[in-house]
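Student: Provided herewith: target.cif, mmCIF, C-alpha atoms and all ligand atoms.
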```
data_work
#
loop_
_atom_site.label_atom_id
_atom_site.label_comp_id
_atom_site.auth_asym_id
_atom_site.auth_seq_id
_atom_site.Cartn_x
_atom_site.Cartn_y
_atom_site.Cartn_z
CA MET Y 1452 -30.12 6.91 14.56
CA ARG Y 1453 -27.23 4.58 14.02
CA LYS Y 1454 -29.66 1.85 12.99
CA LEU Y 1455 -31.29 4.16 10.45
CA VAL Y 1456 -27.95 5.16 8.96
CA GLY Y 1457 -26.98 1.50 8.85
CA SER Y 1458 -30.09 0.45 6.94
CA LEU Y 1459 -29.82 3.42 4.57
CA ALA Y 1460 -26.25 2.43 3.89
CA LEU Y 1461 -27.40 -1.09 3.20
CA ILE Y 1462 -30.04 0.06 0.72
CA PHE Y 1463 -27.56 2.40 -0.93
CA CYS Y 1464 -24.87 -0.22 -1.18
CA THR Y 1465 -27.25 -2.83 -2.53
CA SER Y 1466 -28.52 -0.59 -5.31
CA LEU Y 1467 -24.99 0.59 -6.06
CA TYR Y 1468 -23.83 -2.98 -6.46
CA ALA Y 1469 -26.85 -3.83 -8.57
CA GLN Y 1470 -25.94 -0.98 -10.88
CA VAL Y 1471 -22.26 -1.68 -10.93
CA SER Y 1472 -22.51 -5.41 -11.43
CA ASN Y 1473 -23.35 -5.18 -15.12
CA GLN Y 1474 -22.08 -1.91 -16.47
CA TRP Y 1475 -20.91 -2.06 -20.07
CA LYS Y 1476 -18.81 0.51 -21.86
CA ILE Y 1477 -17.79 0.40 -25.48
CA ILE Y 1478 -14.72 2.41 -26.39
CA HIS Y 1479 -14.34 3.35 -30.04
CA ALA Y 1480 -10.61 3.70 -30.62
CA GLY Y 1481 -9.49 5.47 -33.80
CA ALA Y 1482 -5.98 4.09 -33.31
CA LEU Y 1483 -5.21 1.35 -30.80
CA LEU Y 1484 -1.86 0.19 -29.50
CA ALA Y 1485 -3.26 -2.68 -27.44
CA ASP Y 1486 0.18 -4.17 -26.80
CA ALA Y 1487 3.21 -1.90 -27.06
CA ARG Y 1488 5.16 -4.72 -28.74
CA GLU Y 1489 2.69 -5.03 -31.59
CA ALA Y 1490 1.32 -3.00 -34.50
CA VAL Y 1491 -1.14 -0.13 -34.17
CA GLN Y 1492 -4.66 -1.04 -35.32
CA THR Y 1493 -7.30 1.37 -36.53
CA GLU Y 1494 -11.05 1.58 -35.84
CA GLN Y 1495 -11.30 -0.83 -32.95
CA SER Y 1496 -13.93 -1.35 -30.23
CA ILE Y 1497 -12.91 -2.20 -26.68
CA LEU Y 1498 -15.72 -3.82 -24.70
CA VAL Y 1499 -15.48 -3.21 -20.97
CA ARG Y 1500 -17.78 -4.83 -18.41
CA ASN Y 1501 -17.47 -3.32 -14.93
CA ASN Y 1502 -13.72 -3.24 -14.28
CA VAL Y 1503 -12.54 -5.70 -16.89
CA ILE Y 1504 -11.86 -5.80 -20.62
CA VAL Y 1505 -14.14 -8.40 -22.17
CA ASP Y 1506 -13.28 -8.21 -25.84
CA ILE Y 1507 -11.64 -6.18 -28.60
CA ARG Y 1508 -13.36 -6.15 -31.97
CA ASP Y 1509 -12.61 -4.76 -35.41
CA GLY Y 1510 -14.76 -1.79 -36.41
CA TYR Y 1511 -17.10 0.26 -34.26
CA VAL Y 1512 -19.53 -1.93 -32.30
CA SER Y 1513 -22.87 -0.35 -31.31
CA PRO Y 1514 -24.76 -1.07 -28.07
CA GLY Y 1515 -26.75 -4.26 -28.51
CA ASP Y 1516 -24.49 -5.67 -31.25
CA VAL Y 1517 -23.01 -7.93 -28.61
CA THR Y 1518 -25.27 -9.81 -26.18
CA GLY Y 1519 -25.84 -7.90 -22.94
CA THR Y 1520 -24.56 -4.56 -24.20
CA ALA Y 1521 -27.91 -2.94 -25.06
CA ASN Y 1522 -27.46 -0.32 -22.33
CA ALA Y 1523 -23.73 0.15 -22.89
CA ARG Y 1524 -22.32 3.63 -22.92
CA VAL Y 1525 -20.23 4.45 -25.97
CA ILE Y 1526 -17.02 6.37 -25.36
CA ASP Y 1527 -16.01 8.04 -28.58
CA LEU Y 1528 -12.24 8.08 -28.99
CA SER Y 1529 -12.47 7.65 -32.75
CA ASN Y 1530 -10.13 10.61 -33.31
CA GLN Y 1531 -7.74 9.63 -30.52
CA PHE Y 1532 -4.78 7.29 -30.01
CA VAL Y 1533 -5.61 4.68 -27.38
CA LEU Y 1534 -3.05 2.72 -25.36
CA PRO Y 1535 -2.74 0.84 -22.07
CA GLY Y 1536 -2.61 2.83 -18.82
CA LEU Y 1537 1.00 3.74 -18.08
CA ILE Y 1538 2.98 2.32 -15.17
CA ASP Y 1539 5.52 4.15 -13.02
CA SER Y 1540 7.84 1.67 -11.28
CA HIS Y 1541 9.37 4.21 -8.91
CA THR Y 1542 7.30 6.67 -6.93
CA HIS Y 1543 7.15 8.18 -3.45
CA ILE Y 1544 3.46 9.02 -3.55
CA LEU Y 1545 3.14 10.27 0.04
CA SER Y 1546 5.41 13.28 -0.35
CA GLN Y 1547 6.81 15.86 -2.70
CA GLN Y 1548 9.95 17.95 -2.38
CA GLU Y 1549 9.77 20.71 0.16
CA PRO Y 1550 12.53 23.05 1.30
CA ASN Y 1551 12.38 21.85 4.92
CA PRO Y 1552 12.52 18.02 4.74
CA ARG Y 1553 14.12 17.59 8.17
CA GLU Y 1554 11.42 19.55 9.94
CA VAL Y 1555 8.69 17.67 8.08
CA ARG Y 1556 10.18 14.39 9.20
CA VAL Y 1557 9.48 15.08 12.85
CA THR Y 1558 6.29 17.11 12.53
CA ARG Y 1559 4.13 15.51 9.83
CA SER Y 1560 1.72 12.79 10.95
CA ASN Y 1561 1.10 9.58 9.03
CA GLU Y 1562 -2.52 10.67 8.67
CA MET Y 1563 -1.43 13.86 6.91
CA SER Y 1564 0.92 11.88 4.66
CA THR Y 1565 -1.95 9.58 3.70
CA LEU Y 1566 -4.13 12.50 2.68
CA MET Y 1567 -1.29 14.04 0.71
CA GLY Y 1568 -0.73 10.68 -0.98
CA TYR Y 1569 -4.39 10.59 -1.95
CA GLU Y 1570 -4.07 13.96 -3.72
CA PHE Y 1571 -0.75 13.02 -5.35
CA GLY Y 1572 -2.28 9.73 -6.46
CA LYS Y 1573 -5.09 11.54 -8.24
CA ARG Y 1574 -2.58 13.78 -10.01
CA THR Y 1575 -0.67 10.69 -11.08
CA LEU Y 1576 -3.83 9.09 -12.39
CA ARG Y 1577 -4.83 12.19 -14.33
CA ALA Y 1578 -1.36 12.06 -15.93
CA GLY Y 1579 -2.27 8.67 -17.41
CA PHE Y 1580 -0.47 6.47 -14.89
CA THR Y 1581 -2.92 3.84 -13.70
CA THR Y 1582 -0.38 1.78 -11.73
CA ILE Y 1583 2.55 2.76 -9.55
CA ARG Y 1584 5.18 0.91 -7.58
CA ASN Y 1585 5.88 2.85 -4.41
CA VAL Y 1586 9.41 2.34 -3.18
CA GLY Y 1587 9.55 3.72 0.32
CA GLY Y 1588 7.24 5.77 2.48
CA ALA Y 1589 5.66 5.71 5.93
CA ARG Y 1590 4.48 2.13 6.26
CA ASN Y 1591 0.99 2.47 7.73
CA ALA Y 1592 0.19 5.42 5.49
CA ILE Y 1593 1.10 3.78 2.19
CA PHE Y 1594 -0.58 0.46 3.00
CA ALA Y 1595 -3.78 2.28 4.02
CA LEU Y 1596 -3.79 4.31 0.80
CA ARG Y 1597 -3.09 1.23 -1.32
CA ASP Y 1598 -5.86 -0.77 0.34
CA ALA Y 1599 -8.39 2.08 0.16
CA ILE Y 1600 -7.75 2.45 -3.58
CA ASN Y 1601 -7.85 -1.29 -4.22
CA GLN Y 1602 -11.12 -1.63 -2.31
CA GLY Y 1603 -12.67 1.20 -4.31
CA ILE Y 1604 -13.06 3.48 -1.28
CA VAL Y 1605 -11.09 6.27 -2.94
CA MET Y 1606 -9.92 6.85 -6.50
CA GLY Y 1607 -6.25 6.48 -7.29
CA PRO Y 1608 -3.70 4.49 -9.26
CA ARG Y 1609 -3.24 0.82 -8.42
CA ILE Y 1610 -0.42 0.79 -5.88
CA ARG Y 1611 2.16 -1.86 -5.18
CA ALA Y 1612 3.94 -0.78 -2.03
CA ALA Y 1613 7.25 -1.54 -0.36
CA GLY Y 1614 6.44 -0.03 3.00
CA GLN Y 1615 9.47 1.41 4.67
CA GLY Y 1616 12.61 1.47 2.52
CA ILE Y 1617 15.42 -0.53 4.14
CA THR Y 1618 18.64 1.32 4.97
CA PRO Y 1619 21.71 0.97 7.18
CA THR Y 1620 22.08 3.24 10.20
CA GLY Y 1621 23.14 6.64 8.94
CA GLY Y 1622 22.52 5.54 5.37
CA HIS Y 1623 20.34 7.02 2.63
CA GLY Y 1624 16.84 6.56 4.05
CA ASP Y 1625 17.70 6.66 7.74
CA GLY Y 1626 17.06 10.38 7.93
CA GLY Y 1627 18.33 10.49 11.48
CA GLY Y 1628 20.63 12.89 13.20
CA PHE Y 1629 17.87 14.28 15.43
CA ARG Y 1630 18.07 14.66 19.18
CA ASP Y 1631 17.16 11.31 20.73
CA ASP Y 1632 14.27 12.80 22.70
CA ILE Y 1633 12.73 14.15 19.46
CA PHE Y 1634 13.30 11.17 17.17
CA PRO Y 1635 14.31 8.42 19.56
CA HIS Y 1636 14.46 5.32 17.43
CA PRO Y 1637 14.98 4.70 13.74
CA HIS Y 1638 12.04 3.34 11.74
CA THR Y 1639 11.57 -0.38 11.13
CA GLY Y 1640 13.58 -0.25 7.90
CA VAL Y 1641 16.89 0.64 9.57
CA CYS Y 1642 19.16 -2.38 10.06
CA ASP Y 1643 22.80 -3.38 10.41
CA GLY Y 1644 24.22 -6.87 10.09
CA VAL Y 1645 22.73 -9.96 8.55
CA ALA Y 1646 20.21 -10.82 11.31
CA GLU Y 1647 18.78 -7.31 11.57
CA CYS Y 1648 18.50 -7.03 7.80
CA ARG Y 1649 16.50 -10.23 7.55
CA LYS Y 1650 14.24 -8.97 10.31
CA ALA Y 1651 13.75 -5.60 8.61
CA VAL Y 1652 12.58 -7.37 5.44
CA ARG Y 1653 10.26 -9.71 7.31
CA THR Y 1654 8.80 -6.80 9.27
CA GLN Y 1655 7.79 -5.02 6.05
CA VAL Y 1656 6.24 -8.24 4.73
CA LYS Y 1657 4.40 -8.79 8.01
CA TYR Y 1658 2.62 -5.44 7.68
CA GLY Y 1659 1.77 -5.83 4.01
CA ALA Y 1660 4.72 -5.08 1.70
CA ASP Y 1661 4.22 -6.20 -1.90
CA HIS Y 1662 7.95 -5.92 -2.56
CA ILE Y 1663 11.10 -4.82 -0.74
CA LYS Y 1664 13.14 -1.71 -1.40
CA TYR Y 1665 16.58 -1.24 0.05
CA VAL Y 1666 19.35 1.27 -0.49
CA ALA Y 1667 22.52 -0.39 -1.78
CA THR Y 1668 24.37 2.93 -1.98
CA GLY Y 1669 24.21 6.49 -0.76
CA GLY Y 1670 21.64 8.81 -2.26
CA VAL Y 1671 21.51 12.32 -3.57
CA LEU Y 1672 18.86 13.70 -1.25
CA SER Y 1673 20.08 12.28 2.06
CA GLN Y 1674 21.13 15.27 4.12
CA THR Y 1675 24.65 14.00 4.72
CA ALA Y 1676 27.94 13.97 2.85
CA THR Y 1677 28.04 10.17 2.72
CA GLY Y 1678 28.61 9.86 -1.01
CA THR Y 1679 26.77 7.75 -3.53
CA GLU Y 1680 28.68 4.48 -3.17
CA GLN Y 1681 28.00 1.15 -1.49
CA GLN Y 1682 26.63 1.35 2.06
CA PHE Y 1683 25.21 -2.10 2.92
CA THR Y 1684 27.91 -4.79 2.84
CA ASP Y 1685 27.75 -7.69 0.36
CA GLU Y 1686 26.63 -10.03 3.16
CA GLU Y 1687 23.86 -7.70 4.26
CA GLN Y 1688 22.57 -7.39 0.68
CA ILE Y 1689 22.54 -11.16 0.21
CA ALA Y 1690 20.60 -11.53 3.47
CA LEU Y 1691 18.09 -8.87 2.42
CA VAL Y 1692 17.43 -10.46 -0.96
CA GLN Y 1693 17.25 -14.02 0.34
CA ALA Y 1694 14.82 -13.07 3.10
CA ALA Y 1695 12.57 -11.26 0.61
CA HIS Y 1696 12.63 -13.96 -2.06
CA ALA Y 1697 11.95 -16.67 0.54
CA MET Y 1698 8.67 -14.86 1.21
CA GLY Y 1699 7.85 -14.38 -2.45
CA ARG Y 1700 8.70 -10.68 -2.58
CA LYS Y 1701 10.78 -9.08 -5.32
CA VAL Y 1702 13.53 -6.67 -4.39
CA ALA Y 1703 14.33 -3.19 -5.70
CA ALA Y 1704 17.73 -1.77 -4.84
CA HIS Y 1705 18.45 1.94 -4.96
CA ALA Y 1706 21.99 2.24 -6.36
CA HIS Y 1707 24.12 4.99 -7.88
CA GLY Y 1708 27.76 3.88 -7.42
CA LYS Y 1709 29.23 1.01 -9.42
CA ALA Y 1710 30.46 -1.17 -6.55
CA GLY Y 1711 27.10 -0.96 -4.79
CA MET Y 1712 25.26 -1.78 -8.01
CA MET Y 1713 27.46 -4.80 -8.73
CA ALA Y 1714 26.97 -6.06 -5.16
CA ALA Y 1715 23.19 -5.69 -5.46
CA LEU Y 1716 23.11 -7.52 -8.80
CA ARG Y 1717 25.26 -10.32 -7.43
CA ALA Y 1718 22.94 -10.55 -4.43
CA GLY Y 1719 20.10 -11.22 -6.88
CA VAL Y 1720 17.93 -8.08 -6.82
CA ASP Y 1721 15.07 -7.86 -9.32
CA SER Y 1722 15.68 -4.22 -10.19
CA ILE Y 1723 18.22 -1.47 -9.76
CA GLU Y 1724 16.81 2.00 -9.27
CA HIS Y 1725 18.73 4.98 -10.80
CA GLY Y 1726 21.91 3.10 -11.84
CA SER Y 1727 23.78 6.37 -12.35
CA TYR Y 1728 27.34 5.05 -12.65
CA LEU Y 1729 26.37 2.09 -14.84
CA ASP Y 1730 29.07 1.11 -17.37
CA ALA Y 1731 29.68 -1.75 -19.80
CA GLU Y 1732 30.78 -4.14 -17.05
CA VAL Y 1733 27.71 -3.43 -14.94
CA ALA Y 1734 25.48 -3.77 -18.02
CA GLU Y 1735 26.90 -7.23 -18.64
CA LEU Y 1736 26.04 -8.32 -15.10
CA PHE Y 1737 22.51 -6.92 -15.56
CA VAL Y 1738 22.05 -9.06 -18.67
CA GLN Y 1739 23.41 -12.14 -16.87
CA THR Y 1740 21.08 -11.78 -13.89
CA GLY Y 1741 18.02 -10.57 -15.84
CA ALA Y 1742 17.46 -7.66 -13.46
CA TYR Y 1743 15.63 -4.57 -14.65
CA LEU Y 1744 17.06 -1.06 -14.67
CA VAL Y 1745 14.64 1.67 -13.58
CA PRO Y 1746 16.43 4.77 -14.92
CA THR Y 1747 14.58 7.71 -13.19
CA LEU Y 1748 16.15 10.30 -15.52
CA ILE Y 1749 13.64 12.92 -14.44
CA ALA Y 1750 14.92 12.70 -10.86
CA GLY Y 1751 18.46 13.48 -12.01
CA HIS Y 1752 17.16 16.20 -14.29
CA THR Y 1753 15.10 17.75 -11.48
CA VAL Y 1754 17.76 17.82 -8.78
CA GLU Y 1755 20.32 19.17 -11.22
CA ARG Y 1756 17.92 21.95 -12.21
CA ILE Y 1757 17.11 22.88 -8.63
CA ALA Y 1758 20.79 22.89 -7.65
CA THR Y 1759 21.60 25.16 -10.58
CA GLU Y 1760 18.63 27.52 -10.45
CA GLN Y 1761 18.07 27.72 -6.69
CA PRO Y 1762 21.47 27.38 -5.01
CA ASP Y 1763 20.01 27.72 -1.51
CA PHE Y 1764 17.28 25.09 -1.86
CA PHE Y 1765 19.51 22.15 -0.90
CA VAL Y 1766 22.02 21.96 1.95
CA PRO Y 1767 25.57 22.00 0.48
CA ALA Y 1768 26.11 18.22 0.81
CA VAL Y 1769 22.97 17.53 -1.25
CA ARG Y 1770 23.66 20.25 -3.79
CA GLN Y 1771 27.06 18.81 -4.60
CA LYS Y 1772 25.68 15.30 -5.14
CA ALA Y 1773 22.82 16.70 -7.26
CA LEU Y 1774 25.23 18.49 -9.60
CA GLU Y 1775 27.37 15.36 -9.86
CA VAL Y 1776 24.77 12.65 -10.40
CA GLY Y 1777 22.13 14.50 -12.44
CA PRO Y 1778 24.08 14.77 -15.71
CA ILE Y 1779 25.43 11.20 -15.80
CA MET Y 1780 22.12 9.35 -15.58
CA ARG Y 1781 21.26 9.74 -19.27
CA ASN Y 1782 24.58 8.27 -20.22
CA ALA Y 1783 23.87 5.28 -17.97
CA LEU Y 1784 20.58 4.66 -19.77
CA ARG Y 1785 22.28 4.95 -23.17
CA ILE Y 1786 24.83 2.29 -22.23
CA ALA Y 1787 22.18 0.03 -20.68
CA HIS Y 1788 19.91 0.28 -23.71
CA GLU Y 1789 22.70 -0.35 -26.21
CA ARG Y 1790 23.77 -3.46 -24.31
CA GLY Y 1791 20.35 -5.05 -23.99
CA VAL Y 1792 19.61 -4.40 -20.32
CA LYS Y 1793 15.90 -4.84 -19.52
CA ILE Y 1794 14.40 -1.45 -18.74
CA ALA Y 1795 11.27 -0.63 -16.74
CA TYR Y 1796 9.88 2.89 -16.69
CA GLY Y 1797 10.18 4.78 -13.41
CA THR Y 1798 10.54 8.39 -12.33
CA ASP Y 1799 11.17 8.84 -8.59
CA ALA Y 1800 8.05 11.06 -8.52
CA GLY Y 1801 8.08 13.00 -5.30
CA VAL Y 1802 11.51 14.29 -6.31
CA ASN Y 1803 9.82 15.67 -9.44
CA ASP Y 1804 6.23 16.81 -9.01
CA HIS Y 1805 3.55 14.12 -9.02
CA GLY Y 1806 1.69 14.32 -12.31
CA THR Y 1807 4.81 15.07 -14.36
CA ASN Y 1808 5.56 11.34 -14.68
CA ALA Y 1809 5.28 11.32 -18.50
CA TYR Y 1810 8.19 13.70 -18.93
CA GLU Y 1811 10.49 10.76 -18.17
CA ALA Y 1812 9.52 9.38 -21.60
CA VAL Y 1813 10.77 12.53 -23.32
CA LEU Y 1814 14.07 12.37 -21.44
CA MET Y 1815 14.54 8.65 -22.19
CA ASN Y 1816 13.99 9.41 -25.86
CA GLU Y 1817 16.59 12.20 -25.71
CA ALA Y 1818 19.00 9.64 -24.21
CA GLY Y 1819 18.64 7.56 -27.39
CA MET Y 1820 15.88 5.09 -26.56
CA PRO Y 1821 13.29 4.68 -29.35
CA ALA Y 1822 9.67 5.60 -28.59
CA ARG Y 1823 8.35 2.08 -28.98
CA GLU Y 1824 10.80 0.66 -26.46
CA ILE Y 1825 9.95 3.43 -24.02
CA LEU Y 1826 6.27 2.52 -24.34
CA ILE Y 1827 7.15 -1.14 -23.73
CA ALA Y 1828 9.16 -0.09 -20.65
CA ALA Y 1829 6.15 1.87 -19.35
CA THR Y 1830 3.61 -0.91 -19.90
CA VAL Y 1831 4.64 -4.52 -20.53
CA ASN Y 1832 8.02 -4.39 -18.77
CA ALA Y 1833 6.86 -2.45 -15.73
CA ALA Y 1834 3.93 -4.85 -15.35
CA ASP Y 1835 6.36 -7.77 -15.52
CA LEU Y 1836 8.63 -6.22 -12.90
CA MET Y 1837 5.63 -5.80 -10.61
CA SER Y 1838 4.29 -9.32 -11.29
CA LEU Y 1839 1.13 -7.73 -12.73
CA THR Y 1840 1.30 -9.17 -16.24
CA ASP Y 1841 -2.05 -10.95 -15.79
CA VAL Y 1842 -3.72 -7.74 -14.64
CA THR Y 1843 -2.44 -4.78 -16.64
CA GLY Y 1844 0.19 -3.57 -19.14
CA THR Y 1845 -1.76 -4.44 -22.30
CA ILE Y 1846 -5.33 -3.94 -23.51
CA GLU Y 1847 -6.42 -7.54 -23.62
CA ALA Y 1848 -9.53 -9.56 -22.76
CA GLY Y 1849 -9.47 -10.59 -19.11
CA LYS Y 1850 -7.23 -7.78 -17.93
CA ASP Y 1851 -8.33 -4.78 -15.90
CA ALA Y 1852 -9.62 -1.89 -18.00
CA ASP Y 1853 -6.61 0.42 -17.58
CA ILE Y 1854 -6.88 2.46 -20.75
CA ILE Y 1855 -5.73 5.94 -21.74
CA ALA Y 1856 -5.87 8.09 -24.86
CA VAL Y 1857 -3.76 10.88 -26.29
CA SER Y 1858 -4.45 13.15 -29.25
CA SER Y 1859 -1.68 11.86 -31.53
CA SER Y 1860 0.65 8.87 -31.87
CA PRO Y 1861 3.26 8.68 -29.09
CA LEU Y 1862 5.29 6.47 -31.43
CA GLU Y 1863 5.88 9.62 -33.46
CA ASP Y 1864 6.14 12.13 -30.62
CA LEU Y 1865 6.28 11.06 -26.99
CA ALA Y 1866 5.45 14.58 -25.82
CA THR Y 1867 1.82 13.79 -26.57
CA LEU Y 1868 1.84 11.65 -23.41
CA LEU Y 1869 2.17 14.84 -21.37
CA GLN Y 1870 -1.49 15.56 -21.99
CA PRO Y 1871 -3.77 12.55 -21.87
CA THR Y 1872 -7.26 13.20 -23.24
CA PHE Y 1873 -8.85 10.18 -21.55
CA VAL Y 1874 -7.96 8.02 -18.55
CA MET Y 1875 -9.78 4.90 -17.38
CA ALA Y 1876 -8.49 3.03 -14.33
CA ARG Y 1877 -10.00 -0.40 -13.67
CA GLY Y 1878 -13.06 0.55 -15.67
CA ASN Y 1879 -13.57 3.91 -13.94
CA GLU Y 1880 -13.25 7.06 -15.97
CA VAL Y 1881 -11.08 9.72 -14.38
CA ASP Y 1882 -12.21 13.34 -14.41
CA LEU Y 1883 -9.41 15.20 -16.20
CA ASP Y 1884 -11.12 18.55 -16.00
CA VAL Y 1885 -9.63 19.65 -12.68
CA PRO Y 1886 -8.09 23.10 -12.40
CA PRO Y 1887 -4.45 22.96 -11.29
CA VAL Y 1888 -3.78 23.80 -7.67
CA ASP Y 1889 -0.45 25.06 -6.38
CA LEU Y 1890 0.04 22.77 -3.46
CA PHE Y 1891 3.25 24.28 -2.21
CA PRO Y 1892 4.18 27.94 -2.39
CA TRP Y 1893 7.33 27.55 -4.45
CA PRO Y 1894 8.08 26.84 -8.09
CA ASN Y 1895 7.08 23.47 -9.47
CA PHE Y 1896 9.76 21.00 -10.42
ZN ZN I 1 13.36 7.00 -4.89
#
```
Could you express the structure from this file as structure tokens?
Tutor:
Amino acid sequence: MRKLVGSLALIFCTSLYAQVSNQWKIIHAGALLADAREAVQTEQSILVRNNVIVDIRDGYVSPGDVTGTANARVIDLSNQFVLPGLIDSHTHILSQQEPNPREVRVTRSNEMSTLMGYEFGKRTLRAGFTTIRNVGGARNAIFALRDAINQGIVMGPRIRAAGQGITPTGGHGDGGGFRDDIFPHPHTGVCDGVAECRKAVRTQVKYGADHIKYVATGGVLSQTATGTEQQFTDEEQIALVQAAHAMGRKVAAHAHGKAGMMAALRAGVDSIEHGSYLDAEVAELFVQTGAYLVPTLIAGHTVERIATEQPDFFVPAVRQKALEVGPIMRNALRIAHERGVKIAYGTDAGVNDHGTNAYEAVLMNEAGMPAREILIAATVNAADLMSLTDVTGTIEAGKDADIIAVSSSPLEDLATLLQPTFVMARGNEVDLDVPPVDLFPWPNF
């Protein structure tokens, strides 16, 4: 029986590959923003072979006009606005806010988290986000999901994954405080002192981390009243960054408080996540070091809303931080943008619901950032931060076919991004016609 299944699988796979190996698609784009830094072009044809963009031509090309394309399928987006697949530089794809996070921590299996991540990934993809940078989540689960997507086993956004976020004992990300016999040892991202911090970085790399995420300061959703200021010492942060860079991995530092942010920038991080208490002095250091800010306004917006509308949802320590940090994040982005800080788009999805990633664009715009720069942040800049410039971020020959469409120009109204009409990820069209499912029995955020 096993032999039969094996040979059937072989036949199936062979024919599948034969089919897939030369599949052409021609996209007719009414309006095309191929590169967010450049002008919109009208009536363009994007030629896609298998997973890759082969060419972009003026006018509407028909099958057979170009050698090899006789059997190409034409995708008619002649009344749509076409742009590169969007990129979210800050997600937690394996989870979404629940009212009982402490219980979940000791009861949910990695296998369950992986399956949840698969569903959340599809929601993210349907929202037009074809690439995400995951910045902390159960290590084995996120690497398995990433690899399964990259190998074409399951559909999902391209994932670059940090593995376990790195945190000091008792810090934002430790999530401890359980009885030792229930949760005996912290995860592999918990470290104190220079030697342990280096080892924590190297351990993530050993198991497959694409980049390193550490928490330079306290965080809003940690279940303790430990503030939002610096937690790792300067020396620990330098050790973390050096160990990561020595192995060719970029570093993302979660930071709200000013001192923690300055320490992280001085240590040489590649991006600061959140940056809530950013001011002119911090902005200057950003510009000097060339680090990106990933603003995550929607995370601030979400926690502030929950804390206001559902006073019992958070424990008091979290509620207080949520009310404090939420409102100041927009101001931080305004200062950063005015002073020329490089900005990469990122949401903290998991705090907000997966699939609502595009709402960040609306909030960034409300904070004073022009639509075009937001689109650059969500494509070219995010790709650069993730070292994926050769792969995605623009619609260009040789890059993966990560292409979306919306019904009107996002340069005029970013809210159009909330409802993509077409999503293609690495040449595969995504089914957008999926009825919404309420995953958790409480209001969506
Ligand atoms: Zn986060």
Student: Using atom CA of Y:Asp1509 and atom CA of Y:Leu1528 as the two end points, give the distance in Å to one decimal.
Tutor: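 Distance between the two atoms: 14.4 Å.
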Student: Tell me which of Y:Arg1574, Y:Ser1513, Y:Ala1595, Y:Gln1547 sits closest to Y:Glu1562, counting only C-alpha atoms.
Tutor: Y:Ala1595
Student: Could I get the residue neighbourhood of ligand ZN 1 (chain I) at 9 Å, counting only C-alpha atoms and all ligand atoms, as a list in words?
Tutor: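 Residues satisfying the distance criterion: His1541, Thr1542, His1543, Asn1585, Val1586, Gly1587, Gly1670, His1705, Glu1724, His1725, Thr1747, Ala1750, Thr1798, Asp1799, Ala1800, Gly1801 and Val1802 of chain Y.
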Student: Could you work out how far atom CA of Y:Asp1721 lies from atom CA of Y:Leu1814, giving the answer in Å with one decimal?
Tutor: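 For atom CA of Y:Leu1814 relative to atom CA of Y:Asp1721, the distance reads 23.6 Å.
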Student: Nearest to Y:Met1567 among Y:Arg1770, Y:Val1885, Y:Leu1596, Y:Asn1591, with distances taken over only C-alpha atoms: which residue is it?
Tutor: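 Looking at the shortest contact to Y:Met1567, the residue is Y:Leu1596.
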Student: What separation in Å, quoted to one decimal, exists between atom CA of Y:Ala1731 and atom CA of Y:Glu1817?
Tutor: 20.0 Å
Student: What's the 9 Å shell around Y:Pro1535, counting all atoms listed in the file, without same-chain residues fewer than 5 positions away, as a PDB file with C-alpha atoms, in the coordinates of the input?
Tutor:
```pdb
ATOM      1  CA  LEU Y1484      -1.860   0.190 -29.500  1.00  0.00           C
ATOM      2  CA  ALA Y1485      -3.260  -2.680 -27.440  1.00  0.00           C
ATOM      3  CA  ASP Y1486       0.180  -4.170 -26.800  1.00  0.00           C
ATOM      4  CA  ALA Y1487       3.210  -1.900 -27.060  1.00  0.00           C
ATOM      5  CA  THR Y1581      -2.920   3.840 -13.700  1.00  0.00           C
ATOM      6  CA  THR Y1830       3.610  -0.910 -19.900  1.00  0.00           C
ATOM      7  CA  THR Y1843      -2.440  -4.780 -16.640  1.00  0.00           C
ATOM      8  CA  GLY Y1844       0.190  -3.570 -19.140  1.00  0.00           C
ATOM      9  CA  THR Y1845      -1.760  -4.440 -22.300  1.00  0.00           C
ATOM     10  CA  ILE Y1846      -5.330  -3.940 -23.510  1.00  0.00           C
ATOM     11  CA  ALA Y1852      -9.620  -1.890 -18.000  1.00  0.00           C
ATOM     12  CA  ASP Y1853      -6.610   0.420 -17.580  1.00  0.00           C
ATOM     13  CA  ILE Y1854      -6.880   2.460 -20.750  1.00  0.00           C
ATOM     14  CA  ILE Y1855      -5.730   5.940 -21.740  1.00  0.00           C
ATOM     15  CA  ALA Y1856      -5.870   8.090 -24.860  1.00  0.00           C
TER      16      ALA Y1856
END
```
Student: From the options Y:Arg1611, Y:Arg1556, Y:Arg1488, Y:Lys1650, which residue's atoms come nearest to Y:Asn1832, counting only C-alpha atoms?
Tutor: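 Ranked by minimum distance to Y:Asn1832, first place goes to Y:Arg1488.
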Student: Rank nothing, just name the residue among Y:Leu1498, Y:Leu1534, Y:Ile1617, Y:Val1656 nearest to Y:Ile1827, using all atoms listed in the file.
Tutor: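 Of Y:Leu1498, Y:Leu1534, Y:Ile1617, Y:Val1656, the one nearest Y:Ile1827, counting all atoms listed in the file, is Y:Leu1534.
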Student: From the list Y:Ile1477, Y:Ala1715, Y:Ile1689, Y:Ala1482, which residue is nearest Y:Asp1516 when using only C-alpha atoms?
Tutor: Y:Ile1477
Student: Using all atoms listed in the file, pick whichever of Y:Ser1560, Y:Asn1530, Y:Thr1582, Y:Thr1654 has the shortest atom-to-atom distance to Y:Gln1615.
Tutor: Y:Thr1654
Student: If we count only C-alpha atoms and set the cut-off at 7 Å, which residues sit around stretch 1860-1869 of chain Y, ignoring sequence neighbours fewer than 4 positions away in its own chain? Please answer as JSON, numbers by chain.
Tutor: {"Y": [1532, 1809, 1810, 1812, 1813, 1822, 1823]}
